[in-house]
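Structure file my_file-v7.txt (compact mmCIF, C-alpha atoms) follows.
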# COMPACT_ATOMS: atom_id res chain seq x y z
CA MET A 220 -19.35 14.27 -16.17
CA ALA A 221 -20.29 10.65 -16.74
CA PRO A 222 -20.35 8.63 -13.51
CA ASP A 223 -17.92 6.08 -14.94
CA SER A 224 -15.38 8.68 -16.02
CA HIS A 225 -11.89 8.32 -14.58
CA THR A 226 -11.74 12.00 -13.76
CA VAL A 227 -13.11 13.16 -10.46
CA ALA A 228 -15.80 15.78 -10.09
CA PRO A 229 -14.64 19.23 -9.01
CA GLN A 230 -16.44 18.80 -5.67
CA LEU A 231 -14.57 15.56 -4.96
CA ARG A 232 -11.28 17.17 -6.05
CA ALA A 233 -11.93 20.04 -3.58
CA LEU A 234 -12.63 17.54 -0.78
CA LEU A 235 -9.45 15.61 -1.55
CA ASP A 236 -7.33 18.74 -1.53
CA ALA A 237 -8.91 20.00 1.72
CA SER A 238 -8.38 16.74 3.61
CA PRO A 239 -5.65 16.70 6.25
CA ASP A 240 -5.20 12.99 5.50
CA ALA A 241 -3.57 11.16 2.60
CA VAL A 242 -6.50 10.25 0.33
CA LEU A 243 -6.54 8.29 -2.93
CA VAL A 244 -9.40 7.42 -5.26
CA VAL A 245 -9.03 4.05 -6.96
CA ASP A 246 -11.21 2.56 -9.69
CA GLY A 247 -12.59 -0.98 -9.78
CA ALA A 248 -9.52 -2.19 -11.67
CA GLY A 249 -7.24 -0.89 -8.91
CA ARG A 250 -5.90 2.11 -10.84
CA ILE A 251 -5.26 5.37 -9.00
CA VAL A 252 -7.54 8.00 -10.53
CA ALA A 253 -7.02 10.80 -8.01
CA LEU A 254 -4.89 11.65 -5.00
CA ASN A 255 -4.15 14.63 -2.84
CA PRO A 256 -0.84 16.31 -1.96
CA ARG A 257 -0.68 14.44 1.37
CA VAL A 258 -0.32 11.17 -0.58
CA GLU A 259 2.65 12.64 -2.43
CA ALA A 260 4.26 13.67 0.87
CA LEU A 261 3.50 10.40 2.67
CA PHE A 262 4.79 8.18 -0.11
CA SER A 263 7.64 10.53 -1.15
CA THR A 264 6.55 10.61 -4.78
CA THR A 265 4.55 12.73 -7.20
CA ALA A 266 1.00 12.61 -8.51
CA GLU A 267 2.40 12.23 -12.03
CA ARG A 268 4.18 9.01 -11.03
CA LEU A 269 1.06 7.55 -9.41
CA GLN A 270 -1.84 8.71 -11.57
CA GLY A 271 -3.16 5.76 -13.60
CA ARG A 272 -0.88 3.21 -11.93
CA SER A 273 -2.05 0.22 -9.95
CA ILE A 274 -2.58 0.82 -6.25
CA GLU A 275 -0.22 -2.11 -5.68
CA ALA A 276 2.64 0.21 -6.74
CA LEU A 277 2.37 1.70 -3.23
CA LEU A 278 2.94 -1.67 -1.58
CA PRO A 279 6.05 -3.76 -0.96
CA GLU A 280 6.58 -6.38 -3.66
CA ARG A 281 5.84 -9.27 -1.26
CA ALA A 282 2.29 -7.94 -0.64
CA ARG A 283 1.21 -7.05 -4.16
CA GLU A 284 -0.25 -10.36 -5.34
CA ARG A 285 -2.16 -10.94 -2.10
CA HIS A 286 -3.44 -7.36 -2.15
CA ALA A 287 -4.62 -7.66 -5.77
CA SER A 288 -6.66 -10.75 -4.81
CA ALA A 289 -8.11 -9.03 -1.75
CA ARG A 290 -8.90 -5.92 -3.83
CA ALA A 291 -10.77 -8.01 -6.42
CA ALA A 292 -12.83 -9.66 -3.67
CA TYR A 293 -13.57 -6.26 -2.12
CA ALA A 294 -14.68 -4.87 -5.52
CA ALA A 295 -17.31 -7.61 -5.73
CA ALA A 296 -18.97 -6.36 -2.52
CA PRO A 297 -17.55 -2.97 -1.49
CA THR A 298 -18.31 -1.69 2.00
CA VAL A 299 -16.87 0.89 4.37
CA ARG A 300 -13.92 -0.95 5.83
CA PRO A 301 -11.01 -0.09 8.13
CA MET A 302 -7.77 -2.06 7.74
CA SER A 303 -5.31 -2.06 10.59
CA ALA A 304 -1.52 -2.03 10.62
CA ARG A 305 -1.83 -4.94 13.05
CA SER A 306 -2.69 -7.01 9.97
CA GLY A 307 0.82 -6.33 8.65
CA LEU A 308 -0.08 -3.58 6.19
CA PHE A 309 2.88 -1.62 4.87
CA GLY A 310 3.23 1.22 2.41
CA LEU A 311 6.22 1.71 0.13
CA ARG A 312 7.80 5.13 -0.27
CA GLY A 313 9.40 6.33 -3.48
CA ASP A 314 12.85 5.74 -1.95
CA GLY A 315 12.03 2.08 -1.26
CA THR A 316 11.53 2.39 2.50
CA GLU A 317 8.51 0.71 4.05
CA PHE A 318 6.24 2.03 6.78
CA PRO A 319 3.23 0.59 8.65
CA VAL A 320 -0.14 1.95 7.56
CA GLU A 321 -3.79 1.88 8.47
CA ILE A 322 -6.27 2.32 5.67
CA SER A 323 -9.97 3.11 5.59
CA LEU A 324 -11.91 2.24 2.44
CA THR A 325 -15.15 3.93 1.43
CA PRO A 326 -16.96 3.09 -1.83
CA ILE A 327 -18.10 6.17 -3.72
CA VAL A 328 -21.84 5.64 -4.01
CA GLY A 329 -23.23 5.77 -7.54
CA SER A 330 -19.87 5.28 -9.23
CA VAL A 331 -20.24 2.98 -12.22
CA ALA A 332 -16.42 2.69 -12.33
CA GLY A 333 -16.46 1.21 -8.83
CA LEU A 334 -14.52 4.11 -7.36
CA VAL A 335 -13.27 3.69 -3.81
CA MET A 336 -11.77 6.34 -1.57
CA ALA A 337 -8.80 5.12 0.51
CA VAL A 338 -7.60 7.17 3.48
CA VAL A 339 -4.07 6.21 4.51
CA HIS A 340 -2.40 6.89 7.86
CA ASP A 341 1.27 6.35 8.68
CA VAL A 342 1.26 4.57 12.05
CA SER A 343 5.05 4.34 12.46
CA SER A 344 5.04 6.28 15.74
CA ARG A 345 2.32 4.12 17.24
CA ALA A 346 4.05 0.92 16.06
CA ARG A 347 7.30 2.02 17.74
CA LEU A 348 5.43 2.79 20.99
CA GLU A 349 3.65 -0.57 20.90
CA ALA A 350 7.01 -2.32 20.42
CA VAL A 351 8.45 -0.52 23.47
CA ILE A 352 5.40 -1.47 25.54
CA ALA A 353 5.69 -5.10 24.41
CA ARG A 354 9.39 -5.19 25.39
CA THR A 355 8.56 -3.63 28.75
CA ASP A 356 5.80 -6.18 29.33
CA ARG A 357 8.20 -9.04 28.49
CA ALA A 358 10.79 -7.62 30.89
CA LEU A 359 8.20 -7.36 33.65
CA ASP A 360 7.06 -10.93 32.96
CA ALA A 361 10.69 -12.07 33.24
CA LEU A 362 11.07 -10.26 36.57
CA ASP A 363 7.84 -11.82 37.83
CA ALA A 364 9.20 -15.28 36.97
CA ILE A 365 12.28 -14.82 39.17
CA SER A 366 11.75 -16.37 42.61
CA ASP A 367 14.36 -14.10 44.24
CA ALA A 368 13.73 -10.51 45.27
CA VAL A 369 14.82 -7.95 42.70
CA LEU A 370 15.36 -4.33 43.69
CA THR A 371 16.27 -1.32 41.61
CA THR A 372 18.18 1.58 43.14
CA ASP A 373 19.57 4.87 41.99
CA ALA A 374 23.25 5.90 42.29
CA GLU A 375 22.76 6.83 45.97
CA GLY A 376 21.24 3.49 46.88
CA ASN A 377 17.68 4.77 47.17
Turn the structure described in the file into structure tokens.
Amino acid sequence: MAPDSHTVAPQLRALLDASPDAVLVVDGAGRIVALNPRVEALFSTTAERLQGRSIEALLPERARERHASARAAYAAAPTVRPMSARSGLFGLRGDGTEFPVEISLTPIVGSVAGLVMAVVHDVSSRARLEAVIARTDRALDALDAISDAVLTTDAEGN
């Protein structure tokens, strides 16, 4: 197989399929050239609908242009790079719902096509927990700001 081919080597295909994570392979132009079944499950779509499409198809409309610019800059100097949901990264499911994601990018060494492997994690559960913690912290800050004593009791007055 030529290194710039848009088909993935059988060894890479086996690694994709064995991964417990959602993994995509994207070429230098941002087209999805390979994905595993976990991507289909995570994004509620099929490989047939994604294969050959722009990676931006998996993003909310509002993020696509910015992502395309960032992707082009990354392609000029690809490195292993984690991207956090704290940066406001969201994926777009086939049904139109959005979910927070973290992504790790790894360039595939020796790929003339500029192939990059992207590992995607749904961090919805963690985002919900962080929101609860933030609300709790704000409530505690509000209690600390009150100059009067504040007590909490159960139904029996304890």
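Restricting the calculation to all atoms listed in the file, the smallest distance between Ala296 (chain A) and any of A:Val245, A:Ser366, A:Thr371, A:Gly333 is found for A:Gly333.
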(request) Find the spatial neighbours of region 323-330 of chain A, counting only C-alpha atoms, within a cut-off of 8 Å - ignore same-chain residues fewer than 5 positions away - and output them as a PyMOL selection string. (result) chain A and resi 222-223+297-302+335-339
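The coordinates place CA of Ala228 (chain A) at 11.4 Å from CA of Val252 (chain A).
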(message) Quick check, in Å to one decimal: how far apart do CA of Gly315 (chain A) and CA of Arg272 (chain A) lie?
(response)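 These atoms are spaced 16.8 Å apart.
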(request) Pick out the closest residue to Arg312 (chain A) from this set: A:Glu280, A:Ala287, A:Ser263, A:Ser273. Count all atoms listed in the file. (result) A:Ser263
(message) Would you pick out the contacts of Ser306 (chain A) at 12 Å or less, using all atoms listed in the file, so that residues sharing its chain but fewer than 2 positions from it are not included, and give the list as JSON, numbers by chain?
(response) {"A": [282, 301, 302, 303, 304, 308, 309, 319, 320, 321, 322]}
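Interatomic distance, CA of Ala289 (chain A) to CA of Leu234 (chain A): 27.0 Å.
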